[in-house]
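Trainee: You'll find coords02.txt just under this line, and it carries compact mmCIF, C-alpha atoms.
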# COMPACT_ATOMS: atom_id res chain seq x y z
CA ASN A 1 34.97 162.54 202.68
CA ALA A 2 35.73 159.41 200.73
CA GLY A 3 33.09 157.28 202.42
CA VAL A 4 33.68 153.72 203.54
CA MET A 5 36.51 152.23 201.52
CA GLN A 6 36.83 148.51 200.99
CA ASN A 7 39.57 146.65 199.20
CA PRO A 8 40.08 144.60 197.29
CA ARG A 9 36.82 144.94 195.38
CA HIS A 10 37.29 141.51 193.90
CA LEU A 11 39.37 138.66 195.26
CA VAL A 12 39.86 135.18 193.87
CA ARG A 13 41.30 132.46 196.05
CA ARG A 14 41.77 128.72 195.71
CA ARG A 15 40.45 126.39 198.35
CA GLY A 16 42.72 126.32 201.37
CA GLN A 17 44.18 129.79 200.84
CA GLU A 18 43.65 132.79 203.08
CA ALA A 19 41.54 135.83 202.25
CA ARG A 20 42.04 139.24 203.84
CA LEU A 21 39.49 141.95 203.31
CA ARG A 22 40.12 145.52 204.42
CA CYS A 23 37.77 148.29 205.42
CA SER A 24 38.57 151.92 206.15
CA PRO A 25 35.62 153.62 207.87
CA MET A 26 34.42 157.11 207.15
CA LYS A 27 36.35 159.89 208.82
CA GLY A 28 35.12 160.34 212.35
CA HIS A 29 33.52 156.91 212.50
CA SER A 30 34.82 154.59 215.19
CA HIS A 31 32.34 151.73 214.80
CA VAL A 32 32.73 149.10 212.10
CA TYR A 33 30.40 146.31 211.08
CA TRP A 34 30.91 143.42 208.68
CA TYR A 35 28.06 141.79 206.78
CA ARG A 36 28.05 138.88 204.35
CA GLN A 37 25.75 138.47 201.38
CA LEU A 38 25.65 134.97 199.95
CA PRO A 39 24.39 134.58 196.37
CA GLU A 40 20.66 135.25 196.13
CA GLU A 41 20.40 135.93 199.86
CA GLY A 42 20.05 138.97 202.08
CA LEU A 43 22.82 140.53 204.10
CA LYS A 44 23.69 138.80 207.36
CA PHE A 45 25.45 140.44 210.26
CA MET A 46 28.85 139.01 211.11
CA VAL A 47 30.70 141.20 213.57
CA TYR A 48 30.70 144.62 215.20
CA LEU A 49 33.95 146.26 216.29
CA GLN A 50 35.17 149.44 217.86
CA LYS A 51 38.80 150.44 217.92
CA GLU A 52 40.78 147.54 219.39
CA ASN A 53 37.62 145.83 220.64
CA ILE A 54 35.27 143.19 219.30
CA ILE A 55 31.86 144.16 220.63
CA ASP A 56 29.64 141.50 219.07
CA GLU A 57 30.82 138.58 216.96
CA SER A 58 27.65 136.54 217.24
CA GLY A 59 27.33 136.30 213.45
CA MET A 60 30.84 135.03 212.81
CA PRO A 61 31.37 131.38 211.92
CA LYS A 62 33.09 129.64 214.78
CA GLU A 63 36.11 128.57 212.79
CA ARG A 64 38.40 130.12 210.20
CA PHE A 65 36.94 133.63 210.44
CA SER A 66 38.40 136.48 212.47
CA ALA A 67 38.16 140.26 212.50
CA GLU A 68 40.14 143.09 213.96
CA PHE A 69 40.05 146.87 214.08
CA PRO A 70 43.42 148.08 215.31
CA LYS A 71 44.16 151.44 216.82
CA GLU A 72 45.80 152.48 213.57
CA GLY A 73 44.80 151.29 210.12
CA PRO A 74 41.78 149.62 208.59
CA SER A 75 39.56 146.91 209.93
CA ILE A 76 40.44 143.48 208.55
CA LEU A 77 38.23 140.46 208.02
CA ARG A 78 40.37 137.37 207.70
CA ILE A 79 39.21 134.03 206.37
CA GLN A 80 41.61 131.14 206.71
CA GLN A 81 41.55 127.99 204.60
CA VAL A 82 38.76 129.25 202.40
CA VAL A 83 36.13 126.88 201.01
CA ARG A 84 33.75 127.35 198.10
CA GLY A 85 30.92 128.19 200.48
CA ASP A 86 32.82 131.32 201.53
CA SER A 87 32.21 132.81 198.09
CA ALA A 88 30.10 135.88 198.78
CA ALA A 89 30.07 139.63 198.89
CA TYR A 90 31.43 141.01 202.14
CA PHE A 91 30.23 144.45 203.09
CA CYS A 92 31.66 146.77 205.66
CA ALA A 93 29.71 149.59 207.28
CA SER A 94 30.69 152.29 209.72
CA SER A 95 28.93 154.67 212.05
CA PRO A 96 29.92 157.42 214.43
CA PRO A 97 29.81 156.86 218.17
CA GLY A 98 26.42 157.61 219.67
CA VAL A 99 25.22 158.75 223.05
CA ARG A 100 27.36 157.15 225.75
CA GLY A 101 29.25 155.33 223.02
CA HIS A 102 26.24 153.35 221.89
CA SER A 103 25.50 153.65 218.22
CA GLY A 104 21.93 152.39 218.32
CA ALA A 105 20.24 155.26 216.54
CA ASN A 106 23.04 156.22 214.17
CA VAL A 107 22.95 155.64 210.47
CA LEU A 108 25.28 153.05 209.02
CA THR A 109 27.15 153.92 205.86
CA PHE A 110 28.09 150.96 203.71
CA GLY A 111 31.09 150.39 201.51
CA ALA A 112 30.87 148.99 197.98
CA GLY A 113 31.77 145.51 199.17
CA SER A 114 34.46 142.97 198.48
CA ARG A 115 33.48 140.03 196.32
CA LEU A 116 35.29 136.84 197.17
CA THR A 117 35.32 133.95 194.75
CA VAL A 118 36.76 130.65 195.89
CA LEU A 119 37.75 128.30 193.10
CA LYS B 1 13.40 136.18 217.00
CA GLN B 2 14.12 139.31 214.99
CA GLU B 3 13.14 138.83 211.37
CA VAL B 4 12.51 141.14 208.47
CA THR B 5 10.51 139.95 205.48
CA GLN B 6 10.00 141.54 202.10
CA ILE B 7 7.27 140.57 199.68
CA PRO B 8 7.27 140.22 196.74
CA ALA B 9 10.75 138.96 195.94
CA ALA B 10 10.49 140.48 192.49
CA LEU B 11 8.28 143.09 190.85
CA SER B 12 8.05 144.31 187.27
CA VAL B 13 6.00 147.38 186.31
CA PRO B 14 5.75 149.73 183.34
CA GLU B 15 7.47 153.07 183.48
CA GLY B 16 5.46 155.89 185.02
CA GLU B 17 3.50 153.80 187.48
CA ASN B 18 3.41 154.47 191.19
CA LEU B 19 4.35 151.43 193.24
CA VAL B 20 4.67 150.21 196.81
CA LEU B 21 7.26 147.85 198.25
CA ASN B 22 6.43 146.08 201.47
CA CYS B 23 8.50 145.19 204.49
CA SER B 24 7.34 143.48 207.65
CA PHE B 25 9.28 142.97 210.85
CA THR B 26 8.82 140.97 214.00
CA ASP B 27 9.22 142.63 217.38
CA SER B 28 8.16 146.28 217.49
CA ALA B 29 11.13 147.24 219.68
CA ILE B 30 13.14 148.87 216.94
CA TYR B 31 15.36 151.93 216.94
CA ASN B 32 14.80 152.62 213.30
CA LEU B 33 14.10 151.11 209.93
CA GLN B 34 16.19 151.87 206.88
CA TRP B 35 15.56 151.39 203.18
CA PHE B 36 18.48 150.74 200.85
CA ARG B 37 18.96 150.37 197.15
CA GLN B 38 21.42 147.85 195.74
CA ASP B 39 22.41 147.80 192.09
CA PRO B 40 23.81 144.57 190.60
CA GLY B 41 27.37 143.99 191.74
CA LYS B 42 27.38 147.20 193.72
CA GLY B 43 27.15 148.30 197.33
CA LEU B 44 24.20 149.64 199.27
CA THR B 45 22.87 153.15 198.95
CA SER B 46 20.81 154.39 201.86
CA LEU B 47 17.52 155.86 200.68
CA LEU B 48 15.52 156.68 203.78
CA LEU B 49 15.83 156.18 207.52
CA ILE B 50 12.78 156.27 209.76
CA GLN B 51 13.33 156.57 213.49
CA SER B 52 10.93 154.65 215.71
CA SER B 53 9.25 157.91 216.78
CA GLN B 54 8.47 158.86 213.19
CA ARG B 55 5.72 157.65 210.90
CA GLU B 56 7.17 158.57 207.54
CA GLN B 57 10.06 160.10 205.66
CA THR B 58 10.16 161.59 202.18
CA SER B 59 12.94 162.17 199.71
CA GLY B 60 12.05 163.26 196.21
CA ARG B 61 9.83 160.63 194.62
CA LEU B 62 10.31 158.27 197.55
CA ASN B 63 8.17 158.05 200.65
CA ALA B 64 8.70 155.51 203.42
CA SER B 65 6.22 154.82 206.18
CA LEU B 66 6.55 152.98 209.46
CA ASP B 67 3.79 151.38 211.52
CA LYS B 68 5.32 149.80 214.58
CA SER B 69 2.05 148.43 215.90
CA SER B 70 1.51 146.30 212.81
CA GLY B 71 5.19 145.65 212.21
CA ARG B 72 5.12 147.09 208.70
CA SER B 73 6.97 149.56 206.58
CA THR B 74 6.30 150.56 202.99
CA LEU B 75 8.40 152.30 200.38
CA TYR B 76 6.34 154.25 197.89
CA ILE B 77 7.94 155.20 194.59
CA ALA B 78 6.08 157.76 192.53
CA ALA B 79 6.27 158.03 188.75
CA SER B 80 8.71 155.16 188.38
CA GLN B 81 11.59 155.39 185.91
CA PRO B 82 13.82 152.73 184.32
CA GLY B 83 16.67 154.07 186.46
CA ASP B 84 14.75 152.94 189.54
CA SER B 85 15.41 149.33 188.58
CA ALA B 86 17.41 147.76 191.40
CA THR B 87 17.01 145.58 194.47
CA TYR B 88 15.44 147.36 197.41
CA LEU B 89 16.33 146.21 200.90
CA CYS B 90 14.77 147.15 204.18
CA ALA B 91 16.60 146.67 207.45
CA GLY B 92 15.52 147.05 211.04
CA ARG B 93 17.76 148.13 213.86
CA TYR B 94 16.47 146.61 217.05
CA ILE B 95 16.83 148.00 220.55
CA GLN B 96 18.05 144.62 221.68
CA GLY B 97 21.23 143.95 219.82
CA ALA B 98 21.19 147.49 218.44
CA GLN B 99 24.53 147.10 216.79
CA LYS B 100 23.00 144.86 214.15
CA LEU B 101 20.87 145.68 211.17
CA VAL B 102 18.51 142.84 210.35
CA PHE B 103 17.91 142.78 206.61
CA GLY B 104 15.07 141.49 204.55
CA GLN B 105 15.76 139.40 201.46
CA GLY B 106 15.02 142.32 199.18
CA THR B 107 12.60 143.06 196.35
CA ARG B 108 14.10 143.05 192.87
CA LEU B 109 12.35 145.85 190.99
CA THR B 110 12.31 146.16 187.21
CA ILE B 111 10.83 149.22 185.54
CA ASN B 112 10.02 148.55 181.89
CA PRO B 113 10.34 151.43 179.43
Could you write out this file's structure as structure tokens?
Mentor:
Amino acid sequence: NAGVMQNPRHLVRRRGQEARLRCSPMKGHSHVYWYRQLPEEGLKFMVYLQKENIIDESGMPKERFSAEFPKEGPSILRIQQVVRGDSAAYFCASSPPGVRGHSGANVLTFGAGSRLTVL
Amino acid sequence: KQEVTQIPAALSVPEGENLVLNCSFTDSAIYNLQWFRQDPGKGLTSLLLIQSSQREQTSGRLNASLDKSSGRSTLYIAASQPGDSATYLCAGRYIQGAQKLVFGQGTRLTINP
């Protein structure tokens, strides 16, 4: 079991470009979460997805950010027209489905993160 | 509002000492509380998970406690080693909005040889 795989590990973009971050959950996990860690800050929840569904995107900035978790393939966090303030570490976590599909008590396993630097 | 706070932000102790890291959380309606370790430039490693029905969990030299009534959790590290140097994060998973982990800011621990 390879764990939660994120790529790229490091990404450099110039202002105005697009950034795409990918996350492959652990085998058997159908729930994916994205968190952002700004420099010298704690991790902040961004979005929670299940296959083909966005369950909670209350932590996502209203503009430029989007996430998907297609039926096949990894989850993708997409940032359009990046700005310097988007520079951060983006962590993905996954968990198995819980009772009645609710993952409340299940442990999240985190990936190593993708570090975005915007020049 | 669901908030998790960790104090102190940084801690430096000599090797061999026992130490306690503190975490406080608002709202006692939590599913569980989880302690993580984060090394510089790396991801998160889960150390201990305490379900709301439990009072403590132990793993090797680590012991985590949970007191829902006071909104506090502690991580006890026995016989500290330089390899324990890292940032320690606690995170609460609340019943309301249970898909989210709410993280504290972390305590940066340095163990001096």
Trainee: I'd like a table as CSV: residues in chain B with an atom no more than 8 Å from chain A, each row giving the shortest atom pair and its distance in Å to one decimal, all atoms listed in the file counted, sorted by chain and rising residue number.
Mentor:
residue,atom,partner,partner_atom,distance
B:Tyr31,CA,A:Ala105,CA,5.9
B:Asn32,CA,A:Ala105,CA,6.9
B:Lys42,CA,A:Ala112,CA,5.8
B:Gly43,CA,A:Ala112,CA,3.8
B:Leu44,CA,A:Phe110,CA,6.0
B:Thr45,CA,A:Phe110,CA,7.4
B:Ser46,CA,A:Thr109,CA,7.5
B:Leu49,CA,A:Val107,CA,7.7
B:Gln51,CA,A:Ala105,CA,7.7
B:Arg93,CA,A:Gly104,CA,7.4
B:Ile95,CA,A:Gly104,CA,7.1
B:Ala98,CA,A:Gly104,CA,5.0
B:Gln99,CA,A:Gly104,CA,6.1
B:Lys100,CA,A:Phe45,CA,6.4
B:Leu101,CA,A:Phe45,CA,7.0
B:Val102,CA,A:Lys44,CA,7.2
B:Phe103,CA,A:Leu43,CA,6.0
B:Gly104,CA,A:Gly42,CA,6.1
B:Gln105,CA,A:Gly42,CA,4.4
B:Gly106,CA,A:Gly42,CA,6.7
Trainee: Have a look at CA of Pro70 (chain A) and CA of Gln50 (chain A) and let me know their distance in Å, one decimal.
Mentor: 8.7 Å
Trainee: Might I get the box with edges along x, y and z of the file that holds all atoms of region 82-100 of chain B listed there, padded by 4 Å on every side, given as centre and edge lengths in Å to one decimal, as lines of an AutoDock Vina configuration file?
Mentor:
center_x = 19.2
center_y = 149.0
center_z = 203.0
size_x = 18.7
size_y = 18.1
size_z = 45.4
Trainee: Rounded to one decimal in Å, what is the spacing between CA of Val20 (chain B) and CA of Leu38 (chain A)?
Mentor: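 Pair CA of Val20 (chain B) / CA of Leu38 (chain A) returns 26.1 Å.
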Trainee: With 6 Å as the threshold, what does the neighbourhood of (7.8, 148.1, 204.7) contain in terms of residues, counting only C-alpha atoms? Coordinates are those of the file; answer as an MDAnalysis selection string.
Mentor: chainID B and resid 22:24 72:74
Trainee: CA of Pro113 (chain B) to CA of Gly83 (chain B): how many Å, to one decimal?
Mentor: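 These atoms are spaced 9.8 Å apart.
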Trainee: Could you please give me, as a list in words, the residues of protein, DNA or RNA lying at most 10 Å from (33.5, 158.0, 202.7) in the coordinate frame of the file, considering all atoms listed in the file?
Mentor: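 Residues close enough to count: Asn1, Ala2, Gly3, Val4, Met5, Ser24, Pro25, Met26, Lys27, His29, Ser94, Thr109, Phe110 and Gly111 of chain A.
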Trainee: Which of these, B:Leu47, B:Gly92, B:Leu75, B:Leu11, has the shortest distance to Asn63 (chain B) once you count all atoms listed in the file?
Mentor: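 Selected residue with least distance to Asn63 (chain B): B:Leu75.
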Trainee: Which residues are close to region 62-67 of chain A, i.e. within 6 Å by all atoms listed in the file, leaving aside same-chain residues fewer than 5 positions away? Reply as a PyMOL selection string.
Mentor: chain A and resi 76-80
